[in-house]
Each structure stands twice: as C-alpha cells, then as structure tokens.
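J.: Below is one structure. I have some questions about it.
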Number of protein chains: 2
Amino acid sequence: MNEVYPSKLLERTVGEFSKLPGIGRRTALRLVLHLLRQKPETGHALSESLSQLIDGVKYCKVCHNISDTDICDICSNPLRDQSTVCVVENIRNVLSIENTSIYRGLYHVLGGIISPIDGIGPNNLEIDSLVKRVEEGGIQEIIFALSPTMEGDTTNFFISRKLAPFNVRLTTLARGISVGDELEYTDEITLGRSIINRVELKQ
Amino acid sequence: MNEVYPSKLLERTVGEFSKLPGIGRRTALRLVLHLLRQKPETGHALSESLSQLIDGVKYCKVCHNISDTDICDICSNPLRDQSTVCVVENIRNVLSIENTSIYRGLYHVLGGIISPIDGIGPNNLEIDSLVKRVEEGGIQEIIFALSPTMEGDTTNFFISRKLAPFNVRLTTLARGISVGDELEYTDEITLGRSIINRVELKQ
Ligand SMILES: [Zn+2]
Ligand SMILES: [Zn+2]
C-alpha cells in the first residue's frame, strides 16, 4: 500500500502504531480509526496510561520483575517461600507461571537468554545478581524455567556452573513442555505440572 | 489466562490496549512490554501523537474525510476534477482509492452503510449532505464505490432514488471486485481497473 494520508496527525499516529511488533500499516490505520470512532476518553485513557507507565515503571531491586515499588509484591510477600527462586527469561514468563497458581516461591528475571547471534552474552543478563542472591544465603533451590531451546540450555549450563560452588539444589522444569516451544505459549496446566514434576538439572 | 499483574500501571495499560479490535490481553501485554524495552521516547511518541490526533482531528466540511483543516486537501485541490464525486463508506476506502493513483475526482464519505440489523438508517449517514452537494450544481457524475454486499446495494439504491430528480450520471464500480468482498481488502490493481471500467448504475 502506498501512503497517501489526508491528515498529517493521522499519518504520524499510524506511523507510531505500526512500529509495534506484528502491527503493519494497514492494521495500525484500522486501530487508529477505531479509536477515533470512540469517545475521546477511550483514546486518551490509552495514551495517558502508557505515558504514566513509561514514566513510572520500576523494576524490583531483588528479582528484576516489573513493579510499582522498589521491591515487588512477590519478593515482599512473607507468605511466599523465600528459599526457592525460579529463574526466568522475562516478565511475561513470571506472569505465565503466576497464572498457574501453583508456584509459591520467588523469581529472578534474567532479562533475556544467552544468544551470541543476537549479541547477548552473560554480562547483558542479570546473572551476577542471581549469584549474589545465592551467595547471601537462605536460598535452597534454584528452578531453571527457561524455554527448552538451545539458547535456554546454554544459559542453564552457564549459570549452573557459576552456582556450582554453593550448596543449592538446581532443578529444571519437567519436559512436559515440548522441546523448542516458547514458554509463554505453553498452556497453564502443562506448565503447572512441569513445575510440580521438576527434575534435578544434569550437569 | 487469569490476570495476576505485578504492577497496576502495567495492568491498566494492558487493559487499555486490549480494548482495541483484534488485540487480546496476551497480545496487549506483548505490545506494552515491547514498548517498555524501547527508549522512553518511542512510547511517548505513540502516546502523544494519539492524544494530539484525538484533540486535533477534523473532518472535511464538504466530503467528511479526515483532515487537518476545515476543507480537506482533496476538496481544495484545483487540479482535482470537481465534477465527479465518489461515494464511499469510510475513510479507509478513500485511502484505498487514493492509493490506486487512478482517480482524480472528489469524494463523499457516508460514515457507514444502511444496515437495519446494526441500527444504521439513512439518517445516521451523510446522505442529505450529498444530495445538497448535487443540488448546488457542478457535479456531473456520482460514482458509487460501496462494498458489493447487500447493505452496499441497499445504500446505492436508496441514494440513487434521492438523486433521481437531478441531471447527474450515476455509476458504480465495475464488478471486477468479487461479490461479498470488503472494498478495503481489494488489491489496488483490481480496484483501479474497477474505477476505469465503472458502469451505469441500474435503477
Ligand atoms: Zn521482586
Ligand atoms: Zn474534503
């Protein structure tokens, strides 16, 4: 589709929406014109909530999950099992596991996985801070919940070597989740079972 | 997916995005977290452009197309053929036809088509203003470019009866576009040819 827009304001907004992943210009146009057909409050609510989120977003100083406070609701919840930490790639994975309602421990969000092709090495991830958490004591088990891909396995291996000096149990999700699957697309039942049936990490 | 969000700000923004058509909560979460991984300017640009569009949007007083000014660039362009008016359902249809680069006349955006099931009658559409444009003189041809559906045909028929008293040629797009297709999904070549090969509207 060529681009002949009758309004610069429209063109600019469509341009911004079409920067979103999976949103082409045609879809962006449809979304923006939909918003223009609603009450002005609808679009303003979207605009303002996004702006406030960007300005106000915090990441938990302990687990690096998204949070409205310096320490997230999970880390600061005395009812959660402080001795178990589940290592995940990203925030979506925390949400996926929380939604199973099965896991009661804490998390550690790496912010990615080791992927030399994408230029992501161990130093780009929250690995040192995980080692430090273990070093400080009190953690008895680390559950690796990375996607069962080559990059996930590489990251598991790298971290498990770093944690080898410590007296901590290292487990990984039961492979009910099929190899090569993205964790976030795994259904909640399968994911919940995989947590219950977690196995010792082979090193 | 249940909804356990680690941040109210995040939850609210995801909620607003998921009100968009075709965007579920999972997709909304993905879009919002994507924006959080970009520079703050990226999300703010989206937020601000949307807000400015909603506050600043105008619709052309002549053709009802979206516009930054009271009279749109098409209506106010002396190089366009002022004697031909193409009647379309919505703004996306104007963009589709403009993108063929074939049509050089003006438009009239109805703002919908007659659809009793959806409670849309002639009075909800810009039909009177079209009749008034014709009444004022200078228009020699009206091209009906509504989607070739039952509602489109009903709308064509209703308007053509209103325009019967006037000495104006009534045409409709050549049916190279297959019956039942939405106009906006028709490829540009087919659409362009349908304009060139337009036929007299049978009454
Ligand atoms: Zn935390
Ligand atoms: Zn106009």
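Just remember, in the structure tokens the first chain shown is A, the second B, etc., residues are 1-based per chain, and ligands are 1-based in the order shown.
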Hey, list the chain B side of the contact with chain A: 6 Å cut-off, only C-alpha atoms, answer as a ChimeraX atom specification.

T.: /B:2,6-7,9,13,16,44,46-47,49-51,53,67-68,99

J.: Those residues with N, CA, C and O atoms, as a compact mmCIF listing (two decimals), in the first residue's frame please?

T.:
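Written file, out30.txt:
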# COMPACT_ATOMS: atom_id res chain seq x y z
N ASN B 2 -5.64 -16.19 33.53
CA ASN B 2 -6.05 -15.38 34.67
C ASN B 2 -5.25 -14.09 34.64
O ASN B 2 -4.35 -13.94 33.83
N PRO B 6 1.94 -7.80 38.20
CA PRO B 6 2.85 -7.33 39.25
C PRO B 6 2.83 -5.81 39.38
O PRO B 6 3.48 -5.28 40.27
N SER B 7 2.09 -5.12 38.52
CA SER B 7 2.10 -3.66 38.53
C SER B 7 0.74 -3.16 38.07
O SER B 7 0.24 -3.57 37.03
N LEU B 9 0.10 -0.12 37.12
CA LEU B 9 0.33 0.71 35.93
C LEU B 9 0.35 -0.17 34.68
O LEU B 9 -0.22 0.17 33.65
N THR B 13 -2.49 -0.26 31.56
CA THR B 13 -2.11 -0.02 30.17
C THR B 13 -2.47 -1.22 29.29
O THR B 13 -2.97 -1.06 28.17
N GLU B 16 -6.11 -1.09 28.54
CA GLU B 16 -6.49 -0.13 27.51
C GLU B 16 -6.14 -0.66 26.11
O GLU B 16 -6.93 -0.54 25.18
N HIS B 44 6.39 7.37 24.33
CA HIS B 44 5.83 8.72 24.49
C HIS B 44 5.37 9.27 23.14
O HIS B 44 4.37 9.98 23.07
N LEU B 46 4.19 7.58 20.66
CA LEU B 46 2.89 6.94 20.36
C LEU B 46 1.79 7.62 21.17
O LEU B 46 0.77 8.04 20.64
N SER B 47 2.05 7.75 22.46
CA SER B 47 1.08 8.34 23.36
C SER B 47 0.70 9.76 22.93
O SER B 47 -0.47 10.11 22.83
N SER B 49 1.23 11.35 19.96
CA SER B 49 0.63 11.50 18.63
C SER B 49 -0.85 11.13 18.70
O SER B 49 -1.69 11.80 18.09
N LEU B 50 -1.17 10.09 19.46
CA LEU B 50 -2.57 9.67 19.58
C LEU B 50 -3.40 10.77 20.24
O LEU B 50 -4.49 11.13 19.78
N SER B 51 -2.86 11.30 21.33
CA SER B 51 -3.56 12.33 22.08
C SER B 51 -3.79 13.57 21.21
O SER B 51 -4.89 14.14 21.19
N LEU B 53 -3.86 13.69 17.96
CA LEU B 53 -4.80 13.35 16.88
C LEU B 53 -6.24 13.46 17.39
O LEU B 53 -7.09 14.07 16.74
N SER B 67 -9.20 15.18 8.08
CA SER B 67 -8.45 16.31 7.53
C SER B 67 -7.79 17.08 8.67
O SER B 67 -8.25 17.04 9.81
N ASP B 68 -6.70 17.79 8.38
CA ASP B 68 -6.12 18.68 9.40
C ASP B 68 -6.73 20.07 9.32
O ASP B 68 -6.47 20.92 10.17
N ASN B 99 -4.81 5.39 -3.15
CA ASN B 99 -3.58 4.62 -3.37
C ASN B 99 -3.53 3.95 -4.74
O ASN B 99 -2.48 3.45 -5.13

J.: Please return, as a list in words, all residues of stretch 59-108 of chain A that DSSP assigns to strand (DSSP E) on the basis of the backbone.

T.: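 For stretch 59-108 of chain A, the strand (DSSP E) set is Tyr59, Ile66, Ser67, Asp81, Gln82, Ser83, Thr84, Val85, Cys86, Val87, Val88, Gly105, Leu106, Tyr107 and His108 of chain A.
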
J.: Can I get the selected residues back with all heavy atoms, as a short mmCIF file (atom, residue, chain, number, x, y, z; two decimals), in the first residue's frame?

T.:
data_model
loop_
_atom_site.label_atom_id
_atom_site.label_comp_id
_atom_site.auth_asym_id
_atom_site.auth_seq_id
_atom_site.Cartn_x
_atom_site.Cartn_y
_atom_site.Cartn_z
N TYR A 59 11.55 -1.58 38.32
CA TYR A 59 11.87 -3.00 38.30
C TYR A 59 12.38 -3.37 39.69
O TYR A 59 13.19 -2.65 40.28
CB TYR A 59 12.90 -3.29 37.22
CG TYR A 59 12.33 -2.99 35.84
CD1 TYR A 59 12.51 -1.74 35.25
CD2 TYR A 59 11.54 -3.93 35.17
CE1 TYR A 59 11.94 -1.45 34.01
CE2 TYR A 59 10.97 -3.65 33.94
CZ TYR A 59 11.18 -2.40 33.37
OH TYR A 59 10.60 -2.11 32.16
N ILE A 66 8.88 -6.46 36.83
CA ILE A 66 8.25 -5.14 36.80
C ILE A 66 7.46 -4.95 38.09
O ILE A 66 6.93 -5.91 38.66
CB ILE A 66 7.34 -5.01 35.55
CG1 ILE A 66 7.00 -3.54 35.28
CG2 ILE A 66 6.12 -5.87 35.66
CD1 ILE A 66 6.34 -3.36 33.92
N SER A 67 7.40 -3.70 38.56
CA SER A 67 6.83 -3.44 39.87
C SER A 67 6.44 -1.98 39.99
O SER A 67 6.97 -1.13 39.27
CB SER A 67 7.88 -3.80 40.94
OG SER A 67 7.44 -3.41 42.22
N ASP A 81 7.53 -18.62 49.62
CA ASP A 81 8.68 -19.43 50.04
C ASP A 81 9.97 -18.75 49.59
O ASP A 81 10.33 -18.76 48.42
CB ASP A 81 8.54 -20.82 49.41
CG ASP A 81 9.80 -21.64 49.60
OD1 ASP A 81 10.69 -21.23 50.37
OD2 ASP A 81 9.90 -22.71 48.95
N GLN A 82 10.67 -18.14 50.57
CA GLN A 82 11.87 -17.35 50.27
C GLN A 82 13.09 -18.21 49.93
O GLN A 82 14.13 -17.68 49.54
CB GLN A 82 12.22 -16.44 51.47
CG GLN A 82 11.05 -15.59 52.00
CD GLN A 82 10.80 -14.32 51.19
OE1 GLN A 82 11.74 -13.72 50.70
NE2 GLN A 82 9.53 -13.95 51.04
N SER A 83 12.94 -19.52 50.09
CA SER A 83 14.11 -20.39 49.88
C SER A 83 14.17 -20.94 48.45
O SER A 83 15.12 -21.63 48.10
CB SER A 83 14.08 -21.54 50.89
OG SER A 83 13.06 -22.45 50.55
N THR A 84 13.15 -20.65 47.64
CA THR A 84 13.12 -21.18 46.27
C THR A 84 13.04 -20.03 45.28
O THR A 84 12.21 -19.13 45.42
CB THR A 84 11.88 -22.09 46.08
OG1 THR A 84 11.88 -23.07 47.12
CG2 THR A 84 11.91 -22.78 44.73
N VAL A 85 13.92 -20.05 44.29
CA VAL A 85 13.93 -18.99 43.28
C VAL A 85 13.81 -19.61 41.90
O VAL A 85 14.58 -20.51 41.54
CB VAL A 85 15.23 -18.16 43.38
CG1 VAL A 85 15.34 -17.17 42.21
CG2 VAL A 85 15.28 -17.40 44.71
N CYS A 86 12.85 -19.13 41.16
CA CYS A 86 12.62 -19.61 39.80
C CYS A 86 13.26 -18.62 38.82
O CYS A 86 12.91 -17.43 38.80
CB CYS A 86 11.11 -19.72 39.56
SG CYS A 86 10.69 -20.38 37.95
N VAL A 87 14.18 -19.10 37.99
CA VAL A 87 14.90 -18.23 37.06
C VAL A 87 14.17 -18.23 35.72
O VAL A 87 13.96 -19.29 35.11
CB VAL A 87 16.35 -18.74 36.86
CG1 VAL A 87 17.07 -17.91 35.79
CG2 VAL A 87 17.09 -18.68 38.18
N VAL A 88 13.76 -17.03 35.28
CA VAL A 88 13.03 -16.92 34.01
C VAL A 88 13.70 -15.89 33.11
O VAL A 88 14.50 -15.07 33.56
CB VAL A 88 11.55 -16.51 34.23
CG1 VAL A 88 10.77 -17.61 34.97
CG2 VAL A 88 11.47 -15.19 34.98
N GLY A 105 7.16 -19.79 45.34
CA GLY A 105 8.48 -19.25 45.67
C GLY A 105 8.70 -17.88 45.04
O GLY A 105 7.74 -17.18 44.70
N LEU A 106 9.94 -17.49 44.92
CA LEU A 106 10.30 -16.20 44.34
C LEU A 106 10.80 -16.38 42.90
O LEU A 106 10.87 -17.51 42.40
CB LEU A 106 11.39 -15.52 45.19
CG LEU A 106 11.10 -15.40 46.69
CD1 LEU A 106 12.26 -14.64 47.37
CD2 LEU A 106 9.78 -14.69 46.95
N TYR A 107 11.17 -15.28 42.28
CA TYR A 107 11.64 -15.31 40.88
C TYR A 107 12.98 -14.61 40.76
O TYR A 107 13.40 -13.86 41.64
CB TYR A 107 10.65 -14.59 39.96
CG TYR A 107 9.35 -15.32 39.82
CD1 TYR A 107 8.27 -15.00 40.65
CD2 TYR A 107 9.19 -16.33 38.88
CE1 TYR A 107 7.07 -15.68 40.53
CE2 TYR A 107 7.99 -17.01 38.76
CZ TYR A 107 6.94 -16.68 39.59
OH TYR A 107 5.76 -17.36 39.50
N HIS A 108 13.61 -14.83 39.61
CA HIS A 108 14.74 -14.00 39.19
C HIS A 108 14.63 -13.83 37.67
O HIS A 108 14.73 -14.81 36.92
CB HIS A 108 16.07 -14.64 39.58
CG HIS A 108 17.23 -13.69 39.46
ND1 HIS A 108 17.63 -12.86 40.49
CD2 HIS A 108 18.02 -13.39 38.41
CE1 HIS A 108 18.63 -12.11 40.10
NE2 HIS A 108 18.89 -12.41 38.83
#

J.: Calculate how many Å separate atom CA of B:Val131 from atom CA of B:Ile159, rounding to one decimal.

T.: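 Going from atom CA of B:Val131 over to atom CA of B:Ile159, I get 8.3 Å.
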
J.: Interatomic distance between atom CA of B:His64 and atom CA of B:Glu126?

T.: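 Spanning atom CA of B:His64 to atom CA of B:Glu126 is a straight-line distance of 8.1 Å.
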
J.: Please, what distance in Å, to one decimal, runs between atom CA of A:Arg80 and atom CA of A:Tyr103?

T.: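 Between atom CA of A:Arg80 and atom CA of A:Tyr103 the gap is 9.0 Å.
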
J.: Write out as a PyMOL selection string which residues come within 7 Å of A:Ile71 when counting only C-alpha atoms, dropping same-chain ones fewer than 3 positions away.

T.: chain A and resi 60-62+75-76
